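Below is one structure, written out as structure tokens, with a few remarks after it.
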Amino acid sequence: MADPNTVFLDGAFLPRSDARVSAFDAGFQHAVGLFETMLAVPGPDGSGGPEIVRLEWHTERLRQSAMELGLADSLETRALGEAAVETVRQSGLCDHGSHARVRLSVTGGDLNLLQSQGQSQHRPTVLIQAQPATTYPDEMFEKGVRVAIAQSRANPFNPTEGHKTPNYWWRLRELQAAAAVGAAEALVFQISNHLAGGCVSNCFVVKDGTVITPIARGEEVEVARAAGDTNAEPKAVLPSPVLPGVTRRWVLECCEDEKVPVERRMVTIDDVLDADEVFLTNSSWGVLPVVGVGESQIGGGKAGERAWSIREAWLSSLEP
């Protein structure tokens, strides 16, 4: 029987009221962990159970981050994906054509970073929960939104930047500040004053038909070599604090398929303010047009055609 309060915790499906994590879990003690927020939709004809949009991309990003940051030597991405889908199925949230928001969290468990013995055998905590997807008003996408400029800066030399860790407090504070002035998001810049993205989104600007986005973590060497630095090596390029977003990746592939010119490069505030269009992406809202940054208008204050066409393609990609 479907139960919207069902969660998955360390191999077992439990009622939400019975899901308990140790007070000594490294995720609680020190914010040691990673998470993925995903969108679940009804399967084809409603007969095959729910599907999680671009599930393999999410779990692979999680696995890579876990290995790079030392959270786990390996993660069974297929098993995690199957558990996530089963959590949605047991919740029943997609049974009647609705979408669900799925959060997959992996924390440090009993990992003690101050001890070295036996740490390779530690068991991370795995928690999966589903809830109704956030419903956004159509007006947001038809008219676009205004965004603020965050006061905080992303640090490319912080090794956890560009990964989805639970250390979201500063981002949420910037979102609160943006909401207080009527903005839907806040653009975060790096300490070099180059754009990183939104607090909870990736950012694209469109200029003269070209779609431009900041270089994301893991792309630094590739972009440097494409720009002519054939000898570029990981230690010789500036690391990026930009999350390699799943919807961002989809947009880049969509543009490639449609022969739309794309650039991944350092983006300045002038690039943003002079853009013909700006739009934001994440797995929840998909593609969101921006019509104003602070007091400045973008694209004459109207949602741009490129953002609209990409959003339409994204919506079509969700259909069974």
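Here's how to read the names in the structure tokens: chain A, B, ... by the order shown, residue numbers from 1 in each chain, ligand numbers from 1 in the order shown.
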
**OP:** Find the residues around Ala79 (chain A) up to 12 Å (only C-alpha atoms counted), leave out those fewer than 2 positions away in its own chain, and share them as a ChimeraX atom specification.
**Re:** /A:10-11,55-56,59-60,75-77,81-86,126

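For Glu220 (chain A), the set of protein, DNA and RNA residues having any atom at most 7 Å away, when counting only C-alpha atoms and skipping those fewer than 2 positions along the same chain, is Ile215, Arg217, Gly218, Glu222, Val223, Ala224, Val237, Pro239 and Ser240 of chain A.
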
Original post:
Which residues come within 10 Å of Ser17 (chain A), counting only C-alpha atoms, excluding same-chain residues fewer than 4 positions away, as an MDAnalysis selection string?
Top reply: chainID A and resid 5:7

For the selection just defined, write its residues with C-alpha atoms to a file, as a tab-separated table (two decimals), in the first residue's frame.
chain	number	residue	atom	x	y	z
A	5	ASN	CA	5.65	9.06	4.47
A	6	THR	CA	7.83	6.09	3.45
A	7	VAL	CA	11.57	6.73	3.51

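You can rank A:Ala179, A:Asp229, A:Glu319, A:Gly27 by their closest distance to Ile52 (chain A) using only C-alpha atoms, and at the top of that list sits A:Glu319.
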
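With only C-alpha atoms as the atoms that count, the minimum distance from Pro132 (chain A) to the choices A:Ser201, A:Ser284, A:Ser309, A:Thr165 is reached by A:Ser284.
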
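Take CA of Phe204 (chain A) and CA of Phe189 (chain A): the distance between them is 13.4 Å.
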
Subject >> Secondary structure check, alpha helix (DSSP H) residues of region 159-240 of chain A, as a PyMOL selection string >> reply: chain A and resi 169-180+220-226

Selection above as a file: all heavy atoms, as a compact mmCIF listing (two decimals), in the first residue's frame:
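Below you can see out00.txt, which holds the result:
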# COMPACT_ATOMS: atom_id res chain seq x y z
N TRP A 169 23.90 26.49 4.33
CA TRP A 169 23.37 27.56 5.17
C TRP A 169 23.58 28.92 4.53
O TRP A 169 22.67 29.74 4.45
CB TRP A 169 24.03 27.49 6.55
CG TRP A 169 23.34 28.35 7.60
CD1 TRP A 169 22.26 29.16 7.42
CD2 TRP A 169 23.69 28.46 8.97
NE1 TRP A 169 21.90 29.77 8.60
CE2 TRP A 169 22.78 29.36 9.57
CE3 TRP A 169 24.69 27.88 9.75
CZ2 TRP A 169 22.85 29.68 10.92
CZ3 TRP A 169 24.75 28.22 11.10
CH2 TRP A 169 23.84 29.11 11.68
N TRP A 170 24.80 29.19 4.06
CA TRP A 170 25.08 30.52 3.49
C TRP A 170 24.26 30.76 2.23
O TRP A 170 23.82 31.89 1.97
CB TRP A 170 26.57 30.70 3.24
CG TRP A 170 27.17 29.89 2.13
CD1 TRP A 170 27.71 28.65 2.21
CD2 TRP A 170 27.33 30.29 0.75
NE1 TRP A 170 28.20 28.24 0.99
CE2 TRP A 170 27.97 29.22 0.07
CE3 TRP A 170 27.00 31.44 0.03
CZ2 TRP A 170 28.28 29.27 -1.28
CZ3 TRP A 170 27.31 31.49 -1.33
CH2 TRP A 170 27.93 30.41 -1.96
N ARG A 171 24.02 29.73 1.47
CA ARG A 171 23.20 29.88 0.28
C ARG A 171 21.74 30.17 0.64
O ARG A 171 21.08 31.01 0.01
CB ARG A 171 23.27 28.61 -0.58
CG ARG A 171 24.65 28.37 -1.19
CD ARG A 171 24.68 27.08 -1.99
NE ARG A 171 26.00 26.88 -2.59
CZ ARG A 171 26.37 27.31 -3.78
NH1 ARG A 171 25.50 28.00 -4.52
NH2 ARG A 171 27.57 27.09 -4.26
N LEU A 172 21.23 29.48 1.65
CA LEU A 172 19.85 29.71 2.08
C LEU A 172 19.67 31.11 2.67
O LEU A 172 18.62 31.73 2.49
CB LEU A 172 19.45 28.64 3.10
CG LEU A 172 19.43 27.20 2.55
CD1 LEU A 172 19.05 26.22 3.66
CD2 LEU A 172 18.49 27.07 1.37
N ARG A 173 20.70 31.59 3.36
CA ARG A 173 20.63 32.96 3.88
C ARG A 173 20.55 33.97 2.74
O ARG A 173 19.81 34.96 2.81
CB ARG A 173 21.84 33.26 4.77
CG ARG A 173 21.82 32.53 6.10
CD ARG A 173 23.02 32.90 6.96
NE ARG A 173 22.97 34.31 7.32
CZ ARG A 173 23.96 35.17 7.15
NH1 ARG A 173 25.09 34.76 6.59
NH2 ARG A 173 23.85 36.43 7.52
N GLU A 174 21.31 33.73 1.67
CA GLU A 174 21.26 34.62 0.52
C GLU A 174 19.90 34.53 -0.18
O GLU A 174 19.37 35.55 -0.67
CB GLU A 174 22.37 34.28 -0.47
CG GLU A 174 23.78 34.55 0.05
CD GLU A 174 24.09 36.04 0.19
OE1 GLU A 174 23.24 36.88 -0.17
OE2 GLU A 174 25.20 36.36 0.65
N LEU A 175 19.31 33.35 -0.22
CA LEU A 175 17.97 33.21 -0.78
C LEU A 175 16.94 33.98 0.04
O LEU A 175 16.04 34.63 -0.52
CB LEU A 175 17.57 31.74 -0.85
CG LEU A 175 18.04 30.93 -2.06
CD1 LEU A 175 17.58 29.49 -1.93
CD2 LEU A 175 17.51 31.53 -3.35
N GLN A 176 17.07 33.92 1.35
CA GLN A 176 16.17 34.68 2.22
C GLN A 176 16.30 36.17 1.96
O GLN A 176 15.31 36.90 1.89
CB GLN A 176 16.46 34.37 3.69
CG GLN A 176 16.02 32.98 4.14
CD GLN A 176 16.37 32.72 5.59
OE1 GLN A 176 17.44 33.12 6.08
NE2 GLN A 176 15.49 32.05 6.30
N ALA A 177 17.54 36.63 1.84
CA ALA A 177 17.77 38.05 1.59
C ALA A 177 17.19 38.46 0.23
O ALA A 177 16.63 39.55 0.08
CB ALA A 177 19.28 38.35 1.64
N ALA A 178 17.31 37.57 -0.76
CA ALA A 178 16.74 37.87 -2.07
C ALA A 178 15.22 37.95 -2.01
O ALA A 178 14.60 38.87 -2.56
CB ALA A 178 17.17 36.80 -3.08
N ALA A 179 14.61 37.00 -1.31
CA ALA A 179 13.15 37.00 -1.18
C ALA A 179 12.66 38.26 -0.48
O ALA A 179 11.58 38.78 -0.80
CB ALA A 179 12.70 35.75 -0.42
N ALA A 180 13.46 38.77 0.45
CA ALA A 180 13.05 39.96 1.20
C ALA A 180 12.95 41.20 0.31
O ALA A 180 12.25 42.16 0.65
CB ALA A 180 14.05 40.22 2.33
N GLU A 220 37.70 22.40 -16.26
CA GLU A 220 38.72 23.43 -16.36
C GLU A 220 39.79 23.11 -17.41
O GLU A 220 40.12 23.96 -18.26
CB GLU A 220 39.40 23.63 -14.99
CG GLU A 220 38.46 24.02 -13.88
CD GLU A 220 37.94 22.83 -13.08
OE1 GLU A 220 37.97 21.69 -13.63
OE2 GLU A 220 37.51 23.02 -11.95
N VAL A 221 40.33 21.91 -17.36
CA VAL A 221 41.40 21.55 -18.29
C VAL A 221 40.87 21.46 -19.72
O VAL A 221 41.49 21.95 -20.66
CB VAL A 221 42.06 20.22 -17.88
CG1 VAL A 221 43.05 19.75 -18.94
CG2 VAL A 221 42.77 20.39 -16.53
N GLU A 222 39.70 20.84 -19.88
CA GLU A 222 39.10 20.70 -21.20
C GLU A 222 38.89 22.06 -21.86
O GLU A 222 39.21 22.26 -23.04
CB GLU A 222 37.77 19.97 -21.08
CG GLU A 222 36.99 19.86 -22.39
CD GLU A 222 35.58 19.34 -22.19
OE1 GLU A 222 35.25 18.92 -21.06
OE2 GLU A 222 34.81 19.35 -23.16
N VAL A 223 38.36 23.02 -21.08
CA VAL A 223 38.11 24.35 -21.63
C VAL A 223 39.42 25.06 -21.96
O VAL A 223 39.55 25.71 -23.00
CB VAL A 223 37.26 25.19 -20.64
CG1 VAL A 223 37.16 26.64 -21.12
CG2 VAL A 223 35.87 24.58 -20.51
N ALA A 224 40.42 24.92 -21.08
CA ALA A 224 41.72 25.56 -21.32
C ALA A 224 42.37 25.02 -22.59
O ALA A 224 42.92 25.77 -23.41
CB ALA A 224 42.64 25.36 -20.12
N ARG A 225 42.30 23.72 -22.79
CA ARG A 225 42.89 23.12 -23.98
C ARG A 225 42.13 23.52 -25.24
O ARG A 225 42.73 23.76 -26.29
CB ARG A 225 42.93 21.60 -23.84
CG ARG A 225 43.95 21.13 -22.80
CD ARG A 225 43.92 19.64 -22.59
NE ARG A 225 44.95 19.22 -21.63
CZ ARG A 225 45.06 17.98 -21.16
NH1 ARG A 225 44.21 17.03 -21.56
NH2 ARG A 225 46.01 17.67 -20.30
N ALA A 226 40.79 23.61 -25.13
CA ALA A 226 39.99 24.03 -26.27
C ALA A 226 40.29 25.48 -26.66
O ALA A 226 40.16 25.86 -27.83
CB ALA A 226 38.50 23.87 -25.95

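Of the listed residues A:Pro42, A:Gly144, A:Gly92, A:Gly162, the one whose atoms come nearest to Ala130 (chain A) is A:Gly92, with distances taken using only C-alpha atoms.
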
Original post:
If you run DSSP on the backbone, which residues of region 21-100 of chain A are strand (DSSP E or B), as a list in words?
Top reply: Gly33, Leu34, Phe35, Glu36, Thr37, Met38, Leu39, Ala40, Val41, Pro42, Pro50, Glu51, Ile52 and Ala100 of chain A

Can I get the selection written as an mmCIF file, in the first residue's frame, with all heavy atoms?
data_model
loop_
_atom_site.group_PDB
_atom_site.id
_atom_site.type_symbol
_atom_site.label_atom_id
_atom_site.label_comp_id
_atom_site.auth_asym_id
_atom_site.auth_seq_id
_atom_site.Cartn_x
_atom_site.Cartn_y
_atom_site.Cartn_z
ATOM 1 N N GLY A 33 28.959 15.112 4.065
ATOM 2 C CA GLY A 33 27.991 14.369 3.273
ATOM 3 C C GLY A 33 27.766 14.997 1.918
ATOM 4 O O GLY A 33 28.342 16.035 1.566
ATOM 5 N N LEU A 34 26.916 14.351 1.151
ATOM 6 C CA LEU A 34 26.535 14.800 -0.181
ATOM 7 C C LEU A 34 25.054 14.519 -0.375
ATOM 8 O O LEU A 34 24.479 13.677 0.315
ATOM 9 C CB LEU A 34 27.339 14.050 -1.249
ATOM 10 C CG LEU A 34 28.844 14.271 -1.264
ATOM 11 C CD1 LEU A 34 29.537 13.148 -2.031
ATOM 12 C CD2 LEU A 34 29.185 15.627 -1.882
ATOM 13 N N PHE A 35 24.448 15.218 -1.315
ATOM 14 C CA PHE A 35 23.050 14.916 -1.607
ATOM 15 C C PHE A 35 22.747 15.224 -3.062
ATOM 16 O O PHE A 35 23.465 15.965 -3.733
ATOM 17 C CB PHE A 35 22.110 15.693 -0.678
ATOM 18 C CG PHE A 35 21.998 17.162 -0.981
ATOM 19 C CD1 PHE A 35 20.951 17.652 -1.750
ATOM 20 C CD2 PHE A 35 22.932 18.070 -0.479
ATOM 21 C CE1 PHE A 35 20.845 19.004 -2.030
ATOM 22 C CE2 PHE A 35 22.828 19.424 -0.750
ATOM 23 C CZ PHE A 35 21.780 19.898 -1.533
ATOM 24 N N GLU A 36 21.680 14.630 -3.542
ATOM 25 C CA GLU A 36 21.140 14.897 -4.868
ATOM 26 C C GLU A 36 19.648 15.168 -4.716
ATOM 27 O O GLU A 36 18.948 14.453 -3.977
ATOM 28 C CB GLU A 36 21.334 13.700 -5.806
ATOM 29 C CG GLU A 36 22.776 13.411 -6.181
ATOM 30 C CD GLU A 36 23.338 14.446 -7.149
ATOM 31 O OE1 GLU A 36 22.562 15.010 -7.948
ATOM 32 O OE2 GLU A 36 24.562 14.677 -7.106
ATOM 33 N N THR A 37 19.168 16.192 -5.388
ATOM 34 C CA THR A 37 17.736 16.470 -5.436
ATOM 35 C C THR A 37 17.271 16.185 -6.848
ATOM 36 O O THR A 37 17.787 16.763 -7.816
ATOM 37 C CB THR A 37 17.439 17.930 -5.068
ATOM 38 O OG1 THR A 37 17.951 18.190 -3.760
ATOM 39 C CG2 THR A 37 15.935 18.182 -5.062
ATOM 40 N N MET A 38 16.289 15.292 -6.972
ATOM 41 C CA MET A 38 15.890 14.795 -8.288
ATOM 42 C C MET A 38 14.385 14.941 -8.481
ATOM 43 O O MET A 38 13.626 15.110 -7.521
ATOM 44 C CB MET A 38 16.298 13.319 -8.414
ATOM 45 C CG MET A 38 17.782 13.089 -8.174
ATOM 46 S SD MET A 38 18.277 11.339 -8.104
ATOM 47 C CE MET A 38 17.641 10.862 -6.487
ATOM 48 N N LEU A 39 13.973 14.849 -9.718
ATOM 49 C CA LEU A 39 12.560 14.957 -10.074
ATOM 50 C C LEU A 39 12.070 13.600 -10.546
ATOM 51 O O LEU A 39 12.666 12.988 -11.436
ATOM 52 C CB LEU A 39 12.379 15.994 -11.186
ATOM 53 C CG LEU A 39 10.944 16.240 -11.666
ATOM 54 C CD1 LEU A 39 10.107 16.870 -10.553
ATOM 55 C CD2 LEU A 39 10.938 17.128 -12.914
ATOM 56 N N ALA A 40 10.969 13.122 -9.946
ATOM 57 C CA ALA A 40 10.348 11.863 -10.351
ATOM 58 C C ALA A 40 9.049 12.154 -11.084
ATOM 59 O O ALA A 40 8.290 13.045 -10.689
ATOM 60 C CB ALA A 40 10.085 10.977 -9.148
ATOM 61 N N VAL A 41 8.809 11.421 -12.147
ATOM 62 C CA VAL A 41 7.612 11.606 -12.976
ATOM 63 C C VAL A 41 6.969 10.246 -13.202
ATOM 64 O O VAL A 41 7.608 9.197 -13.039
ATOM 65 C CB VAL A 41 7.972 12.258 -14.326
ATOM 66 C CG1 VAL A 41 8.597 13.629 -14.120
ATOM 67 C CG2 VAL A 41 8.917 11.367 -15.130
ATOM 68 N N PRO A 42 5.667 10.233 -13.566
ATOM 69 C CA PRO A 42 5.022 8.951 -13.878
ATOM 70 C C PRO A 42 5.700 8.279 -15.064
ATOM 71 O O PRO A 42 6.151 8.943 -16.001
ATOM 72 C CB PRO A 42 3.577 9.351 -14.210
ATOM 73 C CG PRO A 42 3.387 10.691 -13.577
ATOM 74 C CD PRO A 42 4.731 11.365 -13.659
ATOM 75 N N PRO A 50 7.075 4.794 -11.388
ATOM 76 C CA PRO A 50 7.673 6.126 -11.571
ATOM 77 C C PRO A 50 9.055 6.042 -12.212
ATOM 78 O O PRO A 50 9.717 5.007 -12.174
ATOM 79 C CB PRO A 50 7.761 6.655 -10.140
ATOM 80 C CG PRO A 50 7.896 5.424 -9.299
ATOM 81 C CD PRO A 50 7.058 4.374 -9.978
ATOM 82 N N GLU A 51 9.472 7.146 -12.784
ATOM 83 C CA GLU A 51 10.820 7.274 -13.310
ATOM 84 C C GLU A 51 11.454 8.525 -12.726
ATOM 85 O O GLU A 51 10.764 9.524 -12.520
ATOM 86 C CB GLU A 51 10.803 7.375 -14.843
ATOM 87 C CG GLU A 51 10.318 6.114 -15.535
ATOM 88 C CD GLU A 51 10.399 6.218 -17.054
ATOM 89 O OE1 GLU A 51 10.727 7.319 -17.559
ATOM 90 O OE2 GLU A 51 10.123 5.215 -17.725
ATOM 91 N N ILE A 52 12.743 8.468 -12.457
ATOM 92 C CA ILE A 52 13.470 9.641 -11.967
ATOM 93 C C ILE A 52 14.260 10.222 -13.135
ATOM 94 O O ILE A 52 15.015 9.509 -13.799
ATOM 95 C CB ILE A 52 14.390 9.274 -10.796
ATOM 96 C CG1 ILE A 52 13.544 8.823 -9.603
ATOM 97 C CG2 ILE A 52 15.268 10.463 -10.412
ATOM 98 C CD1 ILE A 52 14.346 8.405 -8.387
ATOM 99 N N ALA A 100 7.163 14.178 -8.225
ATOM 100 C CA ALA A 100 7.677 14.113 -6.858
ATOM 101 C C ALA A 100 9.098 14.651 -6.814
ATOM 102 O O ALA A 100 9.844 14.561 -7.798
ATOM 103 C CB ALA A 100 7.645 12.679 -6.328
#

Subject >> Contacts of Gln29 (chain A) within 12 Å, only C-alpha atoms, excl. fewer than 2 positions in-chain, as number ranges by chain >> reply: A: 21-27, 31-33, 107-113, 166-167

Could those selected residues go to a file with N, CA, C and O atoms, as a PDB file, in the first residue's frame?
ATOM      1  N   VAL A  21      18.570   8.856  12.657  1.00  0.00           N
ATOM      2  CA  VAL A  21      20.001   8.851  12.376  1.00  0.00           C
ATOM      3  C   VAL A  21      20.731   9.194  13.668  1.00  0.00           C
ATOM      4  O   VAL A  21      20.276  10.043  14.450  1.00  0.00           O
ATOM      5  N   SER A  22      21.866   8.572  13.900  1.00  0.00           N
ATOM      6  CA  SER A  22      22.624   8.786  15.122  1.00  0.00           C
ATOM      7  C   SER A  22      23.008  10.254  15.315  1.00  0.00           C
ATOM      8  O   SER A  22      23.360  10.946  14.346  1.00  0.00           O
ATOM      9  N   ALA A  23      22.952  10.690  16.559  1.00  0.00           N
ATOM     10  CA  ALA A  23      23.405  12.042  16.884  1.00  0.00           C
ATOM     11  C   ALA A  23      24.898  12.205  16.631  1.00  0.00           C
ATOM     12  O   ALA A  23      25.403  13.326  16.543  1.00  0.00           O
ATOM     13  N   PHE A  24      25.616  11.093  16.477  1.00  0.00           N
ATOM     14  CA  PHE A  24      27.056  11.138  16.249  1.00  0.00           C
ATOM     15  C   PHE A  24      27.406  10.959  14.769  1.00  0.00           C
ATOM     16  O   PHE A  24      28.578  10.828  14.427  1.00  0.00           O
ATOM     17  N   ASP A  25      26.400  10.940  13.923  1.00  0.00           N
ATOM     18  CA  ASP A  25      26.645  10.852  12.486  1.00  0.00           C
ATOM     19  C   ASP A  25      27.450  12.068  12.039  1.00  0.00           C
ATOM     20  O   ASP A  25      27.180  13.204  12.446  1.00  0.00           O
ATOM     21  N   ALA A  26      28.444  11.829  11.178  1.00  0.00           N
ATOM     22  CA  ALA A  26      29.310  12.926  10.733  1.00  0.00           C
ATOM     23  C   ALA A  26      28.547  13.977   9.936  1.00  0.00           C
ATOM     24  O   ALA A  26      28.967  15.128   9.863  1.00  0.00           O
ATOM     25  N   GLY A  27      27.414  13.592   9.352  1.00  0.00           N
ATOM     26  CA  GLY A  27      26.596  14.577   8.664  1.00  0.00           C
ATOM     27  C   GLY A  27      26.003  15.579   9.627  1.00  0.00           C
ATOM     28  O   GLY A  27      25.944  16.790   9.340  1.00  0.00           O
ATOM     29  N   ALA A  31      28.605  18.232   9.036  1.00  0.00           N
ATOM     30  CA  ALA A  31      28.104  18.443   7.666  1.00  0.00           C
ATOM     31  C   ALA A  31      28.927  17.676   6.641  1.00  0.00           C
ATOM     32  O   ALA A  31      29.152  18.148   5.527  1.00  0.00           O
ATOM     33  N   VAL A  32      29.396  16.482   7.026  1.00  0.00           N
ATOM     34  CA  VAL A  32      30.134  15.627   6.110  1.00  0.00           C
ATOM     35  C   VAL A  32      29.122  14.803   5.322  1.00  0.00           C
ATOM     36  O   VAL A  32      28.472  13.901   5.863  1.00  0.00           O
ATOM     37  N   GLY A  33      28.959  15.112   4.065  1.00  0.00           N
ATOM     38  CA  GLY A  33      27.991  14.369   3.273  1.00  0.00           C
ATOM     39  C   GLY A  33      27.766  14.997   1.918  1.00  0.00           C
ATOM     40  O   GLY A  33      28.342  16.035   1.566  1.00  0.00           O
ATOM     41  N   THR A 107      25.690  10.551   3.992  1.00  0.00           N
ATOM     42  CA  THR A 107      26.522  11.268   4.960  1.00  0.00           C
ATOM     43  C   THR A 107      27.667  10.383   5.441  1.00  0.00           C
ATOM     44  O   THR A 107      27.747   9.204   5.091  1.00  0.00           O
ATOM     45  N   GLY A 108      28.519  10.954   6.281  1.00  0.00           N
ATOM     46  CA  GLY A 108      29.713  10.248   6.728  1.00  0.00           C
ATOM     47  C   GLY A 108      29.474   9.117   7.695  1.00  0.00           C
ATOM     48  O   GLY A 108      30.418   8.406   8.030  1.00  0.00           O
ATOM     49  N   GLY A 109      28.243   8.946   8.173  1.00  0.00           N
ATOM     50  CA  GLY A 109      27.997   7.886   9.146  1.00  0.00           C
ATOM     51  C   GLY A 109      28.851   8.082  10.375  1.00  0.00           C
ATOM     52  O   GLY A 109      28.970   9.204  10.899  1.00  0.00           O
ATOM     53  N   ASP A 110      29.498   7.012  10.832  1.00  0.00           N
ATOM     54  CA  ASP A 110      30.337   7.119  12.035  1.00  0.00           C
ATOM     55  C   ASP A 110      31.773   7.497  11.714  1.00  0.00           C
ATOM     56  O   ASP A 110      32.676   7.287  12.516  1.00  0.00           O
ATOM     57  N   LEU A 111      31.987   8.051  10.516  1.00  0.00           N
ATOM     58  CA  LEU A 111      33.333   8.454  10.110  1.00  0.00           C
ATOM     59  C   LEU A 111      33.920   9.467  11.100  1.00  0.00           C
ATOM     60  O   LEU A 111      33.302  10.473  11.423  1.00  0.00           O
ATOM     61  N   ASN A 112      35.119   9.189  11.579  1.00  0.00           N
ATOM     62  CA  ASN A 112      35.847  10.114  12.447  1.00  0.00           C
ATOM     63  C   ASN A 112      37.082  10.575  11.677  1.00  0.00           C
ATOM     64  O   ASN A 112      38.035   9.824  11.509  1.00  0.00           O
ATOM     65  N   LEU A 113      37.052  11.810  11.216  1.00  0.00           N
ATOM     66  CA  LEU A 113      38.141  12.305  10.380  1.00  0.00           C
ATOM     67  C   LEU A 113      39.437  12.495  11.147  1.00  0.00           C
ATOM     68  O   LEU A 113      40.489  12.715  10.540  1.00  0.00           O
ATOM     69  N   PRO A 166      26.009  19.220   2.288  1.00  0.00           N
ATOM     70  CA  PRO A 166      24.940  19.798   3.109  1.00  0.00           C
ATOM     71  C   PRO A 166      25.235  21.214   3.616  1.00  0.00           C
ATOM     72  O   PRO A 166      24.377  21.822   4.260  1.00  0.00           O
ATOM     73  N   ASN A 167      26.415  21.736   3.335  1.00  0.00           N
ATOM     74  CA  ASN A 167      26.768  23.070   3.813  1.00  0.00           C
ATOM     75  C   ASN A 167      26.078  24.127   2.951  1.00  0.00           C
ATOM     76  O   ASN A 167      26.707  24.826   2.162  1.00  0.00           O
TER      77      ASN A 167
END

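The coordinates place CA of Val53 (chain A) at 16.3 Å from CA of Leu252 (chain A).
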
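Residues with any atom within 8 Å of Ile128 (chain A), counting only C-alpha atoms and excluding same-chain neighbours fewer than 5 positions away, are Val7, Phe8, Leu9, Ala83, Ala84, Thr87, Val102, Arg103, Leu104 and Ser105 of chain A.
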
**OP:** Pick out the closest residue to Ser192 (chain A) from this set: A:Arg248, A:Arg153, A:His163, A:Arg54. Count only C-alpha atoms.
**Re:** A:Arg153

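When only C-alpha atoms are used to measure the gap to Gln151 (chain A), the shortest distance among A:Leu243, A:Ala72, A:Ala186, A:Val205 belongs to A:Ala186.
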
Subject >> Selected residue of minimal separation from Gly286 (chain A) among A:Gly299, A:Gly228, A:Pro261, A:Gly245, counting only C-alpha atoms >> reply: A:Gly245

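Here CA of Pro4 (chain A) stands at a distance of 23.2 Å from CA of Arg78 (chain A).
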